[in-house]
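K.L.:
What follows is entry31.cif, made up of mmCIF, C-alpha atoms:
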```
data_final
#
loop_
_atom_site.label_atom_id
_atom_site.label_comp_id
_atom_site.auth_asym_id
_atom_site.auth_seq_id
_atom_site.Cartn_x
_atom_site.Cartn_y
_atom_site.Cartn_z
CA MET Q 1 -0.76 -14.22 -16.07
CA ASN Q 2 2.01 -11.92 -14.90
CA ASP Q 3 1.25 -8.45 -13.58
CA VAL Q 4 2.72 -5.79 -15.87
CA ALA Q 5 3.08 -2.05 -15.37
CA HIS Q 6 4.29 0.08 -18.27
CA PHE Q 7 4.78 3.77 -17.70
CA ALA Q 8 7.05 6.76 -17.97
CA VAL Q 9 8.11 8.01 -14.54
CA CYS Q 10 7.01 11.64 -14.94
CA ARG Q 11 7.42 12.95 -11.41
CA GLU Q 12 10.53 12.46 -9.33
CA PRO Q 13 9.94 9.54 -6.95
CA PHE Q 14 11.27 10.05 -3.44
CA TYR Q 15 14.40 7.99 -2.90
CA GLN Q 16 16.88 8.24 -0.04
CA PRO Q 17 20.38 7.10 -1.09
CA GLN Q 18 22.17 4.81 1.33
CA GLY Q 19 25.57 4.94 -0.35
CA LYS Q 20 26.96 5.27 -3.86
CA GLU Q 21 24.22 3.22 -5.52
CA ILE Q 22 22.98 6.08 -7.76
CA GLU Q 23 26.40 6.80 -9.24
CA LEU Q 24 27.18 3.10 -9.61
CA TYR Q 25 23.88 2.43 -11.35
CA GLU Q 26 24.48 5.33 -13.75
CA ALA Q 27 27.82 3.76 -14.66
CA ALA Q 28 26.16 0.37 -15.20
CA TYR Q 29 23.51 1.96 -17.42
CA ALA Q 30 26.11 3.88 -19.42
CA ALA Q 31 27.83 0.55 -20.09
CA ARG Q 32 24.40 -1.03 -20.81
CA LEU Q 33 25.07 -3.73 -18.24
CA PRO Q 34 22.11 -5.73 -16.94
CA VAL Q 35 21.60 -5.15 -13.21
CA MET Q 36 20.59 -7.42 -10.34
CA LEU Q 37 19.19 -5.95 -7.09
CA LYS Q 38 19.39 -8.21 -4.03
CA GLY Q 39 17.94 -7.48 -0.62
CA PRO Q 40 15.12 -8.12 1.83
CA THR Q 41 11.47 -7.47 1.12
CA GLY Q 42 10.40 -3.84 1.37
CA CYS Q 43 13.87 -2.28 1.60
CA GLY Q 44 13.52 0.01 -1.44
CA LYS Q 45 14.63 -2.02 -4.47
CA SER Q 46 11.59 -1.22 -6.61
CA ARG Q 47 11.59 2.44 -5.57
CA PHE Q 48 15.26 2.65 -6.55
CA VAL Q 49 14.48 1.36 -10.05
CA GLU Q 50 11.64 3.88 -10.41
CA TYR Q 51 13.94 6.67 -9.29
CA MET Q 52 16.71 5.67 -11.69
CA ALA Q 53 14.28 5.40 -14.61
CA TRP Q 54 13.13 8.95 -13.83
CA LYS Q 55 16.69 10.22 -13.44
CA LEU Q 56 17.79 8.65 -16.72
CA GLY Q 57 14.63 9.73 -18.53
CA ARG Q 58 13.74 6.20 -19.61
CA PRO Q 59 10.32 4.52 -19.63
CA LEU Q 60 9.95 1.68 -17.15
CA ILE Q 61 8.20 -1.63 -17.76
CA SER Q 62 7.74 -3.68 -14.57
CA VAL Q 63 6.81 -7.35 -14.39
CA ALA Q 64 5.86 -9.06 -11.11
CA CYS Q 65 7.22 -12.58 -11.66
CA ASN Q 66 5.32 -15.66 -10.52
CA GLU Q 67 5.59 -19.42 -10.83
CA ASP Q 68 2.96 -19.57 -13.58
CA MET Q 69 4.77 -17.10 -15.81
CA THR Q 70 5.83 -18.62 -19.14
CA ALA Q 71 8.32 -17.45 -21.74
CA ALA Q 72 5.35 -16.40 -23.88
CA ASP Q 73 4.18 -14.10 -21.07
CA LEU Q 74 7.50 -12.28 -21.39
CA VAL Q 75 8.16 -12.28 -25.13
CA GLY Q 76 4.68 -12.48 -26.66
CA ARG Q 77 2.26 -14.84 -28.37
CA TYR Q 78 -0.14 -15.21 -31.25
CA LEU Q 79 -3.75 -14.33 -30.41
CA LEU Q 80 -6.95 -15.15 -32.23
CA ASP Q 81 -9.27 -12.32 -33.23
CA ALA Q 82 -12.04 -11.70 -35.77
CA ASN Q 83 -9.50 -11.39 -38.59
CA GLY Q 84 -7.54 -14.53 -37.75
CA THR Q 85 -4.32 -14.43 -35.76
CA ARG Q 86 -2.17 -11.53 -34.68
CA TRP Q 87 1.06 -11.30 -32.74
CA GLN Q 88 1.05 -9.49 -29.40
CA ASN Q 89 4.41 -8.47 -27.97
CA GLY Q 90 5.14 -9.32 -24.35
CA PRO Q 91 6.62 -6.78 -21.91
CA LEU Q 92 10.20 -7.87 -22.49
CA THR Q 93 9.85 -7.50 -26.27
CA VAL Q 94 8.15 -4.10 -25.89
CA ALA Q 95 11.00 -2.90 -23.68
CA ALA Q 96 13.68 -4.22 -26.04
CA ARG Q 97 12.08 -2.51 -29.03
CA LEU Q 98 11.28 0.74 -27.22
CA GLY Q 99 14.54 1.19 -25.33
CA ALA Q 100 12.88 1.00 -21.93
CA ILE Q 101 14.19 -0.32 -18.64
CA CYS Q 102 12.53 -3.70 -18.08
CA TYR Q 103 12.27 -4.61 -14.39
CA LEU Q 104 11.59 -8.24 -13.49
CA ASP Q 105 10.63 -8.14 -9.82
CA GLU Q 106 11.23 -11.21 -7.61
CA ILE Q 107 12.65 -13.09 -10.56
CA VAL Q 108 13.28 -16.34 -8.67
CA GLU Q 109 9.52 -16.82 -8.48
CA ALA Q 110 9.60 -17.55 -12.23
CA ARG Q 111 10.38 -21.01 -13.55
CA GLN Q 112 13.97 -21.69 -14.56
CA ASP Q 113 12.95 -22.70 -18.09
CA THR Q 114 11.25 -19.30 -18.47
CA LEU Q 115 14.34 -17.38 -17.41
CA VAL Q 116 16.50 -18.85 -20.18
CA VAL Q 117 14.75 -16.47 -22.58
CA ILE Q 118 16.55 -13.47 -21.02
CA HIS Q 119 20.05 -14.87 -21.59
CA PRO Q 120 20.62 -13.51 -25.11
CA LEU Q 121 19.64 -10.04 -23.90
CA THR Q 122 22.18 -10.11 -21.07
CA ASP Q 123 25.41 -10.72 -22.96
CA HIS Q 124 27.20 -9.21 -25.95
CA ARG Q 125 24.40 -10.26 -28.32
CA ARG Q 126 21.72 -7.99 -26.76
CA MET Q 127 19.04 -9.71 -28.78
CA LEU Q 128 15.74 -11.44 -28.09
CA PRO Q 129 14.76 -14.47 -30.17
CA LEU Q 130 11.05 -14.70 -31.02
CA ASP Q 131 11.04 -18.36 -31.98
CA LYS Q 132 7.33 -18.50 -32.79
CA LYS Q 133 7.74 -15.60 -35.25
CA GLY Q 134 11.12 -16.66 -36.57
CA GLU Q 135 12.46 -13.21 -35.67
CA GLN Q 136 15.49 -11.92 -33.80
CA VAL Q 137 14.82 -8.61 -32.04
CA ALA Q 138 17.95 -6.49 -31.65
CA ALA Q 139 17.65 -4.56 -28.38
CA HIS Q 140 17.34 -0.79 -28.68
CA PRO Q 141 20.60 0.96 -27.66
CA ASP Q 142 18.87 2.40 -24.56
CA PHE Q 143 17.36 -0.91 -23.37
CA GLN Q 144 18.38 -2.27 -19.98
CA LEU Q 145 17.26 -5.33 -18.03
CA VAL Q 146 16.98 -5.13 -14.24
CA ILE Q 147 16.01 -8.03 -11.98
CA SER Q 148 15.46 -8.25 -8.22
CA TYR Q 149 15.06 -10.92 -5.60
CA ASN Q 150 15.38 -11.58 -1.89
CA PRO Q 151 18.20 -14.08 -1.24
CA GLY Q 152 17.44 -14.15 2.49
CA TYR Q 153 14.67 -16.71 2.37
CA GLN Q 154 14.21 -17.62 -1.27
CA SER Q 155 17.65 -19.18 -1.59
CA LEU Q 156 16.54 -21.94 0.79
CA VAL Q 157 14.05 -23.27 -1.75
CA LYS Q 158 14.69 -21.24 -4.93
CA ASP Q 159 17.72 -19.61 -6.42
CA LEU Q 160 19.04 -18.40 -9.73
CA LYS Q 161 21.40 -20.58 -11.70
CA GLN Q 162 24.99 -19.42 -11.92
CA SER Q 163 24.53 -19.20 -15.68
CA THR Q 164 21.94 -16.49 -15.01
CA LYS Q 165 23.61 -14.74 -12.06
CA GLN Q 166 26.90 -14.23 -13.86
CA ARG Q 167 25.25 -12.14 -16.56
CA PHE Q 168 24.50 -9.24 -14.21
CA ALA Q 169 26.19 -6.50 -12.26
CA ALA Q 170 24.76 -6.71 -8.73
CA PHE Q 171 23.73 -4.32 -5.96
CA GLN Q 172 23.22 -5.47 -2.37
CA PHE Q 173 20.43 -3.61 -0.57
CA ASP Q 174 19.49 -3.74 3.09
CA TYR Q 175 17.26 -1.83 5.48
CA PRO Q 176 18.55 1.73 5.90
CA ALA Q 177 20.49 2.87 8.95
CA PRO Q 178 18.05 4.04 11.66
CA ALA Q 179 18.57 7.77 11.09
CA LEU Q 180 18.07 7.39 7.33
CA GLU Q 181 15.05 5.14 7.83
CA SER Q 182 13.41 7.68 10.14
CA GLY Q 183 13.99 10.36 7.53
CA ILE Q 184 12.35 8.17 4.87
CA VAL Q 185 9.31 7.59 7.08
CA CYS Q 186 8.98 11.33 7.73
CA ALA Q 187 9.31 12.19 4.05
CA GLU Q 188 6.78 9.55 2.98
CA THR Q 189 4.11 10.28 5.57
CA GLY Q 190 4.74 13.65 7.25
CA ILE Q 191 4.87 12.04 10.67
CA ALA Q 192 6.79 13.76 13.49
CA ARG Q 193 10.44 12.78 13.74
CA GLU Q 194 10.13 11.51 17.32
CA LEU Q 195 7.38 9.10 16.35
CA ALA Q 196 9.31 8.02 13.28
CA ASP Q 197 12.31 7.24 15.48
CA GLN Q 198 10.11 5.13 17.78
CA LEU Q 199 8.63 3.21 14.87
CA VAL Q 200 12.11 2.48 13.53
CA ASP Q 201 13.21 1.35 17.02
CA PHE Q 202 10.31 -1.08 17.03
CA ALA Q 203 11.17 -2.32 13.55
CA GLN Q 204 14.75 -2.90 14.69
CA ALA Q 205 13.46 -4.96 17.62
CA GLY Q 206 11.40 -7.06 15.21
CA ARG Q 207 14.35 -7.57 12.85
CA ARG Q 208 16.39 -9.03 15.69
CA LEU Q 209 13.86 -11.89 15.79
CA LYS Q 210 14.67 -12.97 12.23
CA GLY Q 211 15.71 -16.59 12.48
CA HIS Q 212 14.20 -16.75 15.98
CA GLY Q 213 10.55 -17.04 15.10
CA LEU Q 214 10.41 -14.70 12.11
CA ASP Q 215 11.34 -15.71 8.58
CA GLU Q 216 11.79 -12.09 7.53
CA GLY Q 217 12.30 -8.80 9.37
CA ILE Q 218 9.89 -5.88 9.52
CA SER Q 219 10.36 -3.99 6.28
CA THR Q 220 10.71 -0.26 5.78
CA ARG Q 221 7.50 -0.49 3.75
CA LEU Q 222 5.63 -1.72 6.84
CA VAL Q 223 7.12 1.07 8.96
CA VAL Q 224 5.73 3.56 6.43
CA TYR Q 225 2.35 1.80 6.59
CA ALA Q 226 2.29 2.15 10.37
CA ALA Q 227 3.21 5.84 10.16
CA SER Q 228 0.46 6.38 7.57
CA LEU Q 229 -2.07 4.99 10.04
CA ILE Q 230 -0.77 7.13 12.90
CA VAL Q 231 -1.09 10.39 10.94
CA ARG Q 232 -4.73 9.40 10.38
CA GLY Q 233 -5.43 9.13 14.09
CA VAL Q 234 -4.61 5.49 14.87
CA SER Q 235 -2.67 5.01 18.10
CA PRO Q 236 0.98 4.00 17.68
CA ALA Q 237 0.39 0.68 19.45
CA ASP Q 238 -2.56 -0.23 17.23
CA ALA Q 239 -0.69 0.93 14.12
CA CYS Q 240 2.29 -1.28 14.99
CA ARG Q 241 0.07 -4.30 15.59
CA MET Q 242 -1.95 -3.73 12.43
CA ALA Q 243 0.87 -2.85 10.04
CA MET Q 244 4.03 -4.34 11.54
CA ILE Q 245 3.09 -7.44 13.55
CA ARG Q 246 -0.03 -9.10 12.14
CA PRO Q 247 1.21 -9.20 8.52
CA ILE Q 248 4.43 -11.05 9.33
CA THR Q 249 3.54 -13.68 11.94
CA ASP Q 250 0.81 -15.84 13.45
CA ASP Q 251 3.10 -17.20 16.17
CA ILE Q 252 1.62 -16.31 19.56
CA ASP Q 253 5.00 -16.24 21.31
CA VAL Q 254 6.46 -13.88 18.71
CA ILE Q 255 3.36 -11.67 18.90
CA ASP Q 256 3.70 -11.52 22.70
CA SER Q 257 7.39 -10.57 22.40
CA LEU Q 258 6.59 -7.80 19.96
CA ASP Q 259 3.70 -6.58 22.11
CA HIS Q 260 6.17 -6.20 24.98
CA ALA Q 261 8.44 -4.20 22.68
CA ILE Q 262 5.51 -1.90 21.85
CA ALA Q 263 4.89 -1.30 25.56
CA ALA Q 264 8.59 -0.60 26.18
CA ILE Q 265 8.92 1.86 23.29
CA PHE Q 266 5.58 3.66 23.34
CA GLY Q 267 4.70 3.31 27.02
#
```
Let's see the structure in the file written out as structure tokens.
P.N.:
Amino acid sequence: MNDVAHFAVCREPFYQPQGKEIELYEAAYAARLPVMLKGPTGCGKSRFVEYMAWKLGRPLISVACNEDMTAADLVGRYLLDANGTRWQNGPLTVAARLGAICYLDEIVEARQDTLVVIHPLTDHRRMLPLDKKGEQVAAHPDFQLVISYNPGYQSLVKDLKQSTKQRFAAFQFDYPAPALESGIVCAETGIARELADQLVDFAQAGRRLKGHGLDEGISTRLVVYAASLIVRGVSPADACRMAMIRPITDDIDVIDSLDHAIAAIFG
């Protein structure tokens, strides 16, 4: 079963812009264009969606996609109860009726036959067929569909069909520039700027190993994790090993290389 979060973003989430993405997203929402966010794991795609939902004053329904997710998980199904059967809307149907932003995270994890269900919502029709009910749901004027995925490694084994990709306006995300990333780490954790700079330097060293022993670079999320440990008394070296090395690799040679980088940066 897919993991669903449905909430109004009441407090302003912290988000550090990297360019013109806020203004461009506002234009896409004003035109009611579906949006695709592409970029590496942990670079801020989900936080950006949360921030934009808050800024636009729209409820946000998030779905963590997985390979077992069916079309019924998205649109709804009939359930048995004491009084017989009743229809339960899925998250996509709820969002379309309510006028929410529906965020399908890591969409390529879902099966291709499941994704076909979003097509009528992402063109001029803006409608969702509920075949089992014999109903066509016209999307609320404020509804928007947003999807995300990481093309860096998923495209090797999974990718979206062109018939799906060409229904979206797309944003390309990446890890922030070092100065911006340090500022994010400070804002998220309260860590001293000097330590934040060192953690980002270490993350940069790890990212240079992508394709040379690492499938994916050290994410900004992991840098924040390491900083969170440091402000709670963990040494920088132990925090880096625990939050930034052990989660991403079991390769002894890569671990040794990153351990040397820790020694060089933190002494």
K.L.:
With all atoms of region 51-57 of chain Q from the file as input, state the centre and edge lengths in Å to one decimal of the axis-aligned box that has 4 Å extra on each side, as AutoDock Vina command-line options.
P.N.:
```
--center_x 15.5 --center_y 7.8 --center_z -13.9 --size_x 12.7 --size_y 12.8 --size_z 17.2
```
K.L.:
Starting from the PyMOL selection byres ((chain Q and resi 95) around 12), expand the selection into actual residues of this file and give them as number ranges by chain.
P.N.:
Q: 4-8, 58-63, 74-76, 89-94, 96-104, 121, 127-128, 137-146
K.L.:
For the PyMOL selection byres ((chain Q and resi 15) around 10), applied here, can you spell out every residue it catches as a short mmCIF file (atom, residue, chain, number, x, y, z; two decimals) with C-alpha atoms, in the coordinates of the input?
P.N.:
```
data_model
loop_
_atom_site.label_atom_id
_atom_site.label_comp_id
_atom_site.auth_asym_id
_atom_site.auth_seq_id
_atom_site.Cartn_x
_atom_site.Cartn_y
_atom_site.Cartn_z
CA GLU Q 12 10.53 12.46 -9.33
CA PRO Q 13 9.94 9.54 -6.95
CA PHE Q 14 11.27 10.05 -3.44
CA GLN Q 16 16.88 8.24 -0.04
CA PRO Q 17 20.38 7.10 -1.09
CA GLN Q 18 22.17 4.81 1.33
CA GLY Q 44 13.52 0.01 -1.44
CA ARG Q 47 11.59 2.44 -5.57
CA PHE Q 48 15.26 2.65 -6.55
CA VAL Q 49 14.48 1.36 -10.05
CA GLU Q 50 11.64 3.88 -10.41
CA TYR Q 51 13.94 6.67 -9.29
CA MET Q 52 16.71 5.67 -11.69
CA ILE Q 184 12.35 8.17 4.87
CA ALA Q 187 9.31 12.19 4.05
CA GLU Q 188 6.78 9.55 2.98
#
```
K.L.:
CA of Pro120 (chain Q) and CA of Lys133 (chain Q) are how many Å apart?
P.N.:
16.5 Å
K.L.:
Need to verify the contact set: His119 (chain Q), 10 Å, only C-alpha atoms, exclusion of same-chain residues closer than 4 positions in sequence. Can you return it as a PyMOL selection string?
P.N.:
chain Q and resi 115+123+125-128+163-164+167
K.L.:
Using all atoms listed in the file for the distances, tell me which of Q:Glu109, Q:Asp215, Q:Glu23, Q:Glu194 is nearest to Gly152 (chain Q).
P.N.:
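Using all atoms listed in the file, the shortest distance to Gly152 (chain Q) belongs to Q:Asp215.
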K.L.:
Go ahead and compute the interatomic distance for CA of Ile218 (chain Q) and CA of Ile248 (chain Q), in Å to one decimal.
P.N.:
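Distance between the two atoms: 7.5 Å.
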K.L.:
Quick one: of Q:Asn150, Q:Ser182, Q:Asn66, Q:Thr114, who's nearest to Gly39 (chain Q), counting only C-alpha atoms?
P.N.:
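Among Q:Asn150, Q:Ser182, Q:Asn66, Q:Thr114, it is Q:Asn150 that comes nearest to Gly39 (chain Q).
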K.L.:
Find the residue from Q:Leu37, Q:Ala53, Q:Val117, Q:Leu79 that sits nearest to Pro129 (chain Q); use all atoms listed in the file when measuring.
P.N.:
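Selected residue with least distance to Pro129 (chain Q): Q:Val117.
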K.L.:
Between CA of Val116 (chain Q) and CA of Trp54 (chain Q), what is the spacing in Å?
P.N.:
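Interatomic distance here is 28.7 Å.
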K.L.:
On this file, the PyMOL selection byres ((chain Q and resi 170) around 8) gives some set of residues; write that set as an MDAnalysis selection string.
P.N.:
chainID Q and resid 35:38 168:169 171:172
K.L.:
How would the residues just picked look written out with C-alpha atoms as a CSV table (one decimal), in the coordinates of the input?
P.N.:
```
chain,number,residue,atom,x,y,z
Q,35,VAL,CA,21.6,-5.2,-13.2
Q,36,MET,CA,20.6,-7.4,-10.3
Q,37,LEU,CA,19.2,-6.0,-7.1
Q,38,LYS,CA,19.4,-8.2,-4.0
Q,168,PHE,CA,24.5,-9.2,-14.2
Q,169,ALA,CA,26.2,-6.5,-12.3
Q,171,PHE,CA,23.7,-4.3,-6.0
Q,172,GLN,CA,23.2,-5.5,-2.4
```
K.L.:
Taking (0.0, -2.4, 14.9) in the file's coordinates, which residues come within 10 Å, counting all atoms listed in the file, written as a list of chain:residue names?
P.N.:
Q:Leu222, Q:Val223, Q:Tyr225, Q:Ala226, Q:Leu229, Q:Ile230, Q:Val234, Q:Ser235, Q:Pro236, Q:Ala237, Q:Asp238, Q:Ala239, Q:Cys240, Q:Arg241, Q:Met242, Q:Ala243, Q:Met244, Q:Ile245, Q:Arg246, Q:Pro247, Q:Leu258, Q:Asp259, Q:Ile262
K.L.:
With distances taken over all atoms listed in the file, which residue among Q:Lys132, Q:Arg32, Q:Arg207, Q:Arg232 lies nearest Arg77 (chain Q)?
P.N.:
Q:Lys132
K.L.:
Up to 8 Å from (15.5, 6.0, 13.4) in the file's coordinates: name the residues, counting all atoms listed in the file, as a list in words.
P.N.:
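Neighbouring residues, ordered by chain and number, come to Ala177, Pro178, Ala179, Leu180, Glu181, Ser182, Gly183, Ala196, Asp197, Gln198, Leu199, Val200 and Asp201 of chain Q.
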